[in-house]
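Below is one structure, written out as structure tokens, with a few remarks after it.
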Amino acid sequence: METFNDVISADRFVLVDFFATWCGPCKAMHPVLEQLKAQLGDRLRIIKVDVDKHQQTAAQYNVQAVPTLALFRSGQLLWRQSGALPLNQLQAVVESYL
């Protein structure tokens with residue numbers, strides 16, 4: 001079974017969505033992330049981390065608000081931002097690193 005560290009340490013871009021099931025803006029991000037994945041395909045892996053179920057991981061990355069999006073490659077944090085983003089803005093940020 002893959003661990004969080006295994007996933008973000010891979011030599012590929014990984015967008016992590018730190019979310020909570022009770023969070024309205026987090027729910028609004030779900031279709032945005034699906035559209036982003038459809039547009040970028042294999043160039044980007046997207047994973048979701050429930051901050052209530054994985055409190056230690058959320059604390060390790062100092063996630064204090066949800067949603068928080070973080071882009072990793074080879075274990076390095078390249079970008080992060082809290083709050084929901086529209087597709088065009090999120091895509092522009094992610095593509096600037098790809």
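Lettering and numbering for the structure tokens are positional, with chains as A, B, ... in the shown order, residues counted from 1 in each chain, and ligands counted from 1 in the shown order.
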Skipping near chain neighbours, those fewer than 2 positions away, what residues fall within 8 Å of range 63-70 of chain A using only C-alpha atoms, listed as number ranges by chain?
-> A: 15-20, 23, 25-26, 58-61, 72, 77-84
Kindly save the residues from that selection, with N, CA and C atoms included, as a PDB file, in the first residue's frame.
```pdb
ATOM      1  N   LEU A  15      -0.598  16.830  -7.096  1.00  0.00           N
ATOM      2  CA  LEU A  15      -1.384  17.886  -6.477  1.00  0.00           C
ATOM      3  C   LEU A  15      -2.174  17.251  -5.340  1.00  0.00           C
ATOM      4  N   VAL A  16      -1.954  17.752  -4.133  1.00  0.00           N
ATOM      5  CA  VAL A  16      -2.633  17.226  -2.957  1.00  0.00           C
ATOM      6  C   VAL A  16      -3.743  18.192  -2.568  1.00  0.00           C
ATOM      7  N   ASP A  17      -4.933  17.645  -2.407  1.00  0.00           N
ATOM      8  CA  ASP A  17      -6.091  18.405  -1.952  1.00  0.00           C
ATOM      9  C   ASP A  17      -6.350  18.006  -0.503  1.00  0.00           C
ATOM     10  N   PHE A  18      -5.935  18.854   0.432  1.00  0.00           N
ATOM     11  CA  PHE A  18      -6.258  18.643   1.836  1.00  0.00           C
ATOM     12  C   PHE A  18      -7.672  19.172   2.028  1.00  0.00           C
ATOM     13  N   PHE A  19      -8.603  18.296   2.417  1.00  0.00           N
ATOM     14  CA  PHE A  19     -10.010  18.666   2.471  1.00  0.00           C
ATOM     15  C   PHE A  19     -10.669  18.098   3.716  1.00  0.00           C
ATOM     16  N   ALA A  20     -11.926  18.490   3.924  1.00  0.00           N
ATOM     17  CA  ALA A  20     -12.765  17.905   4.968  1.00  0.00           C
ATOM     18  C   ALA A  20     -14.145  17.655   4.369  1.00  0.00           C
ATOM     19  N   CYS A  23     -16.761  20.508   4.608  1.00  0.00           N
ATOM     20  CA  CYS A  23     -16.343  21.816   4.086  1.00  0.00           C
ATOM     21  C   CYS A  23     -17.000  22.098   2.733  1.00  0.00           C
ATOM     22  N   PRO A  25     -16.535  24.745   0.525  1.00  0.00           N
ATOM     23  CA  PRO A  25     -15.582  25.051  -0.547  1.00  0.00           C
ATOM     24  C   PRO A  25     -14.805  23.815  -1.024  1.00  0.00           C
ATOM     25  N   CYS A  26     -14.581  22.858  -0.122  1.00  0.00           N
ATOM     26  CA  CYS A  26     -13.900  21.615  -0.518  1.00  0.00           C
ATOM     27  C   CYS A  26     -14.762  20.841  -1.514  1.00  0.00           C
ATOM     28  N   ALA A  58      -1.784  16.254   7.958  1.00  0.00           N
ATOM     29  CA  ALA A  58      -2.202  17.656   7.838  1.00  0.00           C
ATOM     30  C   ALA A  58      -1.351  18.543   8.741  1.00  0.00           C
ATOM     31  N   ALA A  59      -1.084  18.081   9.946  1.00  0.00           N
ATOM     32  CA  ALA A  59      -0.259  18.862  10.884  1.00  0.00           C
ATOM     33  C   ALA A  59       1.171  18.977  10.379  1.00  0.00           C
ATOM     34  N   GLN A  60       1.686  17.908   9.789  1.00  0.00           N
ATOM     35  CA  GLN A  60       3.058  17.911   9.269  1.00  0.00           C
ATOM     36  C   GLN A  60       3.243  19.008   8.224  1.00  0.00           C
ATOM     37  N   TYR A  61       2.199  19.276   7.458  1.00  0.00           N
ATOM     38  CA  TYR A  61       2.263  20.309   6.423  1.00  0.00           C
ATOM     39  C   TYR A  61       1.554  21.592   6.838  1.00  0.00           C
ATOM     40  N   PHE A  72       3.516  18.971  -5.279  1.00  0.00           N
ATOM     41  CA  PHE A  72       4.797  18.351  -4.938  1.00  0.00           C
ATOM     42  C   PHE A  72       5.415  17.715  -6.173  1.00  0.00           C
ATOM     43  N   LEU A  77       7.938  20.481  -1.871  1.00  0.00           N
ATOM     44  CA  LEU A  77       6.745  21.311  -1.975  1.00  0.00           C
ATOM     45  C   LEU A  77       7.061  22.470  -2.904  1.00  0.00           C
ATOM     46  N   LEU A  78       6.348  22.545  -4.024  1.00  0.00           N
ATOM     47  CA  LEU A  78       6.603  23.577  -5.023  1.00  0.00           C
ATOM     48  C   LEU A  78       5.675  24.779  -4.857  1.00  0.00           C
ATOM     49  N   TRP A  79       4.424  24.513  -4.403  1.00  0.00           N
ATOM     50  CA  TRP A  79       3.416  25.563  -4.309  1.00  0.00           C
ATOM     51  C   TRP A  79       2.322  25.087  -3.378  1.00  0.00           C
ATOM     52  N   ARG A  80       1.723  26.025  -2.654  1.00  0.00           N
ATOM     53  CA  ARG A  80       0.545  25.692  -1.860  1.00  0.00           C
ATOM     54  C   ARG A  80      -0.303  26.930  -1.682  1.00  0.00           C
ATOM     55  N   GLN A  81      -1.603  26.692  -1.527  1.00  0.00           N
ATOM     56  CA  GLN A  81      -2.531  27.789  -1.312  1.00  0.00           C
ATOM     57  C   GLN A  81      -3.776  27.249  -0.636  1.00  0.00           C
ATOM     58  N   SER A  82      -4.305  28.015   0.293  1.00  0.00           N
ATOM     59  CA  SER A  82      -5.566  27.656   0.935  1.00  0.00           C
ATOM     60  C   SER A  82      -6.707  28.377   0.247  1.00  0.00           C
ATOM     61  N   GLY A  83      -7.840  27.710   0.209  1.00  0.00           N
ATOM     62  CA  GLY A  83      -9.031  28.296  -0.390  1.00  0.00           C
ATOM     63  C   GLY A  83      -9.325  27.691  -1.747  1.00  0.00           C
ATOM     64  N   ALA A  84     -10.587  27.769  -2.124  1.00  0.00           N
ATOM     65  CA  ALA A  84     -11.017  27.237  -3.416  1.00  0.00           C
ATOM     66  C   ALA A  84     -10.540  28.145  -4.545  1.00  0.00           C
TER      67      ALA A  84
END
```
Hey, what does DSSP flag as alpha helix (DSSP H) within chain A? Can you give it to me as a PyMOL selection string?
-> chain A and resi 4-9+24-40+55-60+87-95
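Each of A:Leu90, A:Ile8, A:Leu85, A:Leu98 was checked against Ala28 in chain A using only C-alpha atoms; the smallest atom-to-atom distance is that of A:Leu85.
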If you count only C-alpha atoms, which residues fall within 12 Å of Thr3 in chain A, apart from same-chain ones fewer than 5 positions away, as a PDB file with N, CA and C atoms, in the first residue's frame?
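Final file, out-v4.pdb:
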```pdb
ATOM      1  N   ILE A   8       4.144  11.496  -2.767  1.00  0.00           N
ATOM      2  CA  ILE A   8       4.719  12.821  -3.044  1.00  0.00           C
ATOM      3  C   ILE A   8       6.203  12.753  -3.365  1.00  0.00           C
ATOM      4  N   SER A   9       6.850  11.636  -3.060  1.00  0.00           N
ATOM      5  CA  SER A   9       8.285  11.495  -3.346  1.00  0.00           C
ATOM      6  C   SER A   9       8.557  10.990  -4.751  1.00  0.00           C
ATOM      7  N   ALA A  10       7.529  10.591  -5.450  1.00  0.00           N
ATOM      8  CA  ALA A  10       7.708  10.080  -6.812  1.00  0.00           C
ATOM      9  C   ALA A  10       8.201  11.199  -7.725  1.00  0.00           C
ATOM     10  N   ILE A  47      -4.300  13.702  -5.544  1.00  0.00           N
ATOM     11  CA  ILE A  47      -4.760  12.885  -4.423  1.00  0.00           C
ATOM     12  C   ILE A  47      -5.494  13.779  -3.433  1.00  0.00           C
ATOM     13  N   VAL A  49      -6.611  14.249   0.614  1.00  0.00           N
ATOM     14  CA  VAL A  49      -6.266  13.862   1.982  1.00  0.00           C
ATOM     15  C   VAL A  49      -7.298  14.480   2.919  1.00  0.00           C
ATOM     16  N   HIS A  54      -6.654  12.076   8.617  1.00  0.00           N
ATOM     17  CA  HIS A  54      -5.183  12.061   8.539  1.00  0.00           C
ATOM     18  C   HIS A  54      -4.629  13.331   9.192  1.00  0.00           C
ATOM     19  N   THR A  57      -0.710  13.941   9.108  1.00  0.00           N
ATOM     20  CA  THR A  57      -0.205  14.422   7.818  1.00  0.00           C
ATOM     21  C   THR A  57      -0.557  15.889   7.633  1.00  0.00           C
TER      22      THR A  57
END
```
Which residue out of A:Met29, A:Met1, A:Lys37, A:Ile46 has the minimum interatomic distance to Arg73 in chain A when only C-alpha atoms are used?
->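 Among the listed residues, A:Ile46 lies closest to Arg73 in chain A.
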